[in-house]
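File shown: input16.cif (mmCIF, C-alpha atoms).
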```cif
data_coords
#
loop_
_atom_site.label_atom_id
_atom_site.label_comp_id
_atom_site.auth_asym_id
_atom_site.auth_seq_id
_atom_site.Cartn_x
_atom_site.Cartn_y
_atom_site.Cartn_z
CA HIS A 292 -83.67 10.03 31.51
CA SER A 293 -81.66 13.03 32.57
CA HIS A 294 -81.18 15.85 30.11
CA SER A 295 -77.41 15.34 29.93
CA MET A 296 -77.81 11.59 29.31
CA ARG A 297 -80.32 12.28 26.54
CA GLU A 298 -77.95 14.85 25.05
CA MET A 299 -75.00 12.44 25.18
CA LEU A 300 -76.95 9.62 23.64
CA GLY A 301 -78.41 11.93 21.05
CA ILE A 302 -74.89 12.75 19.97
CA ALA A 303 -74.02 9.06 20.07
CA ALA A 304 -76.93 8.41 17.76
CA VAL A 305 -75.94 11.13 15.38
CA VAL A 306 -72.43 9.78 15.07
CA PHE A 307 -73.20 6.23 14.10
CA LEU A 308 -71.74 4.13 11.38
CA ALA A 309 -73.98 1.81 9.57
CA LEU A 310 -72.59 0.18 6.51
CA PHE A 311 -74.02 2.68 4.09
CA SER A 312 -75.64 1.32 0.96
CA THR A 313 -76.45 3.02 -2.30
CA SER A 314 -79.93 4.41 -2.18
CA GLY A 315 -80.07 8.15 -2.38
CA TRP A 316 -78.34 11.25 -1.17
CA ALA A 317 -79.05 13.41 1.82
CA SER A 318 -81.46 15.69 0.00
CA LEU A 319 -83.87 12.77 0.23
CA CYS A 320 -83.59 12.65 4.02
CA PRO A 321 -85.63 15.02 6.15
CA ASP A 322 -83.60 17.28 8.43
CA LYS A 323 -84.66 16.04 11.85
CA ASP A 324 -83.17 14.75 15.08
CA GLY A 325 -80.15 16.99 14.53
CA MET A 326 -79.24 15.42 11.22
CA SER A 327 -78.68 17.75 8.28
CA ASP A 328 -77.10 17.52 4.86
CA GLU A 329 -73.94 19.05 6.33
CA VAL A 330 -73.65 16.30 8.97
CA ARG A 331 -74.45 13.56 6.45
CA LYS A 332 -71.86 14.91 4.02
CA MET A 333 -69.21 14.96 6.77
CA PHE A 334 -69.89 11.30 7.59
CA VAL A 335 -69.57 10.26 3.95
CA ASP A 336 -66.58 12.51 3.17
CA LYS A 337 -64.60 11.38 6.24
CA HIS A 338 -65.28 7.73 5.49
CA ASN A 339 -64.19 8.18 1.89
CA GLU A 340 -61.09 10.15 2.91
CA TYR A 341 -59.91 7.31 5.16
CA ARG A 342 -60.97 4.61 2.71
CA THR A 343 -58.88 6.35 0.03
CA LEU A 344 -55.84 6.37 2.35
CA VAL A 345 -56.22 2.63 2.84
CA ALA A 346 -56.86 1.96 -0.85
CA ARG A 347 -53.64 3.79 -1.74
CA GLY A 348 -51.64 1.97 0.94
CA GLU A 349 -50.99 5.25 2.79
CA ALA A 350 -52.68 4.49 6.15
CA LYS A 351 -50.17 4.13 9.02
CA ASN A 352 -50.37 0.81 10.84
CA LYS A 353 -49.16 0.46 14.45
CA LEU A 354 -47.86 -3.03 13.67
CA GLY A 355 -45.45 -1.62 11.11
CA GLY A 356 -45.60 0.18 7.80
CA ASN A 357 -48.99 0.89 6.31
CA ALA A 358 -52.17 -1.09 5.95
CA PRO A 359 -52.13 -3.04 2.69
CA PRO A 360 -53.71 -1.24 -0.27
CA ALA A 361 -57.17 -2.16 -1.54
CA ALA A 362 -57.65 -2.63 -5.26
CA ARG A 363 -61.44 -2.52 -5.21
CA MET A 364 -62.38 -0.16 -2.36
CA LEU A 365 -65.87 1.18 -2.98
CA LYS A 366 -66.91 4.75 -2.24
CA MET A 367 -69.44 5.26 0.51
CA SER A 368 -72.79 6.86 -0.12
CA TYR A 369 -75.61 7.74 2.24
CA ASP A 370 -78.80 5.80 2.96
CA CYS A 371 -81.75 7.57 4.59
CA ALA A 372 -83.37 4.29 5.66
CA ILE A 373 -80.30 3.41 7.70
CA GLU A 374 -80.32 6.86 9.27
CA GLU A 375 -83.97 6.50 10.24
CA ASN A 376 -83.36 3.05 11.72
CA MET A 377 -80.39 4.25 13.77
CA MET A 378 -82.07 7.43 14.97
CA ASP A 379 -85.11 5.45 16.14
CA TYR A 380 -82.81 3.16 18.11
CA ALA A 381 -80.86 6.09 19.57
CA LYS A 382 -84.07 7.49 21.06
CA GLU A 383 -84.11 4.46 23.36
CA CYS A 384 -81.10 6.05 25.17
CA LYS A 385 -78.98 2.90 25.28
CA PHE A 386 -75.29 3.21 24.59
CA ALA A 387 -74.99 -0.34 23.30
CA HIS A 388 -75.29 -2.10 19.99
CA ASN A 389 -78.76 -3.26 19.14
CA SER A 390 -79.32 -6.69 17.62
CA TYR A 391 -78.24 -7.36 14.05
CA LYS A 392 -81.83 -8.29 13.23
CA ASP A 393 -83.14 -4.93 14.47
CA ARG A 394 -80.73 -3.10 12.17
CA ASN A 395 -81.22 -5.25 9.10
CA TYR A 396 -77.78 -6.83 9.68
CA TRP A 397 -76.03 -3.53 8.96
CA GLY A 398 -72.73 -2.93 10.72
CA GLN A 399 -72.74 -0.33 13.48
CA ASN A 400 -70.24 1.85 15.30
CA LEU A 401 -71.15 3.97 18.31
CA TYR A 402 -69.50 7.14 19.53
CA MET A 403 -70.22 9.26 22.57
CA THR A 404 -68.99 12.55 23.89
CA THR A 405 -69.66 14.09 27.28
CA ALA A 406 -69.56 17.62 25.89
CA ARG A 407 -72.84 19.39 26.58
CA HIS A 408 -72.90 21.57 23.47
CA VAL A 409 -71.59 19.75 20.45
CA ASN A 410 -71.53 20.82 16.86
CA LYS A 411 -72.93 17.73 15.15
CA THR A 412 -70.80 18.17 12.05
CA ARG A 413 -67.70 18.24 14.25
CA ALA A 414 -69.01 15.21 16.14
CA ALA A 415 -69.41 13.34 12.84
CA GLU A 416 -65.83 14.20 11.90
CA ASN A 417 -64.46 13.27 15.33
CA SER A 418 -66.32 9.97 15.47
CA VAL A 419 -65.06 8.69 12.13
CA SER A 420 -61.53 9.85 13.00
CA ALA A 421 -61.72 8.04 16.36
CA TRP A 422 -62.89 4.82 14.72
CA PHE A 423 -60.20 4.98 12.04
CA SER A 424 -57.47 5.76 14.61
CA GLU A 425 -57.65 2.16 15.84
CA LEU A 426 -55.32 1.27 12.95
CA GLU A 427 -52.65 3.63 14.26
CA HIS A 428 -53.22 2.82 17.96
CA LYS A 429 -53.88 -0.94 17.80
CA GLY A 430 -52.83 -2.07 14.32
CA MET A 431 -53.82 -4.73 11.82
CA PRO A 432 -51.72 -7.76 10.86
CA LYS A 433 -49.95 -7.61 7.49
CA ASP A 434 -52.35 -10.17 5.98
CA ASN A 435 -55.20 -7.75 6.84
CA ARG A 436 -57.46 -10.63 7.96
CA LEU A 437 -60.10 -9.73 10.52
CA THR A 438 -60.12 -12.79 12.75
CA MET A 439 -61.86 -12.84 16.13
CA LYS A 440 -58.44 -12.45 17.77
CA VAL A 441 -57.72 -9.34 15.69
CA PHE A 442 -61.24 -7.98 16.24
CA ASN A 443 -60.93 -8.49 20.01
CA HIS A 444 -57.59 -6.63 19.91
CA GLY A 445 -59.65 -3.49 19.34
CA VAL A 446 -59.95 -2.74 15.63
CA GLY A 447 -63.64 -3.47 15.10
CA HIS A 448 -64.59 0.16 14.51
CA TYR A 449 -61.70 0.63 12.08
CA SER A 450 -62.75 -2.46 10.15
CA GLN A 451 -66.29 -1.09 9.80
CA VAL A 452 -64.97 2.16 8.33
CA VAL A 453 -62.76 0.50 5.71
CA TRP A 454 -64.60 -2.74 4.91
CA GLN A 455 -63.84 -2.98 1.20
CA TRP A 456 -67.31 -3.93 -0.02
CA SER A 457 -69.18 -1.38 2.08
CA LYS A 458 -70.74 1.29 -0.02
#
```

Show me, as structure tokens, the structure contained in the file I just sent.
Amino acid sequence: HSHSMREMLGIAAVVFLALFSTSGWASLCPDKDGMSDEVRKMFVDKHNEYRTLVARGEAKNKLGGNAPPAARMLKMSYDCAIEENMMDYAKECKFAHNSYKDRNYWGQNLYMTTARHVNKTRAAENSVSAWFSELEHKGMPKDNRLTMKVFNHGVGHYSQVVWQWSK
């Protein structure tokens, strides 16, 4: 693999979304592969910021008004096992989703940048913002149901960020 491809995919790996589960906090994760507590915190904080907007009914929807509020939106936390699984997959240098089975059926978002020197904390922030922006650019129907038609319209990343029961 070329150095720039490895760099791009390394960033893609760092800015993943797996449906985080409650396990432990970043201090339990070793700082390796460019991941640090600062990057982990940015992922969690950005997710929770956007999830709070949705829960309060304050997230702008391209299809009119705001996304409906969520009464039971859970806060995200960080899981080191998910990080390890995703980082191992990223080392394969494939910008594609791996099989559900290989990621324990966790959800997954990918993000890539072509920038050669990227601050990973900024990349974490930008990736979550890009995924969430699908609501404003594509929109969700008022009933907020994620059908295949809606998913194929281009809001799959957004739905991963705000899936109510993700934690």

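Of note, CA of Leu426 (chain A) and CA of Asn389 (chain A) are spaced 24.7 Å apart.
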
Self-check item: For Cys320 (chain A): contacts at 12 Å, only C-alpha atoms, fewer than 5 positions along chain excluded, given as JSON, numbers by chain
Solution: {"A": [314, 315, 325, 326, 327, 328, 329, 330, 331, 332, 369, 370, 371, 372, 373, 374, 375]}

Exercise. Evaluate the PyMOL selection byres ((chain A and resi 420) around 12) here and jot the selected residues down as a PyMOL selection string.
Key: chain A and resi 306+308+333-334+336-342+402+413-419+421-428+448-449+452-453

Exercise. Starting from the shown file, work through the PyMOL selection byres ((chain A and resi 353) around 12) and note down what comes out as a ChimeraX atom specification.
Key: /A:350-352,354-358,424-433,446

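One finds CA of Gln451 (chain A) at 17.5 Å from CA of Lys392 (chain A).
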
Self-check item: Distance in Å - CA of Ala346 (chain A) versus CA of Ala362 (chain A)
Solution: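 So the answer is 6.4 Å.
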
Quiz item: From the list A:Arg394, A:Lys382, A:His444, A:Arg436, which residue is nearest Asp324 (chain A) when using all atoms listed in the file?
Solution: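 That would be A:Lys382, the residue with the smallest distance to Asp324 (chain A).
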
Test item: axis-aligned box, all listed atoms of region 397-414 of chain A, 3 Å on each side, centre and edges in Å rounded to one decimal, as lines of an AutoDock Vina configuration file:
```
center_x = -71.9
center_y = 9.0
center_z = 18.1
size_x = 14.3
size_y = 31.1
size_z = 24.3
```

Quiz item: Which residue gives the smallest distance to Asn400 (chain A) among A:Ala387, A:Ser368, A:Asn443, A:Leu437, with only C-alpha atoms counted?
Solution: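 Of the candidates, the smallest distance to Asn400 (chain A) is held by A:Ala387.
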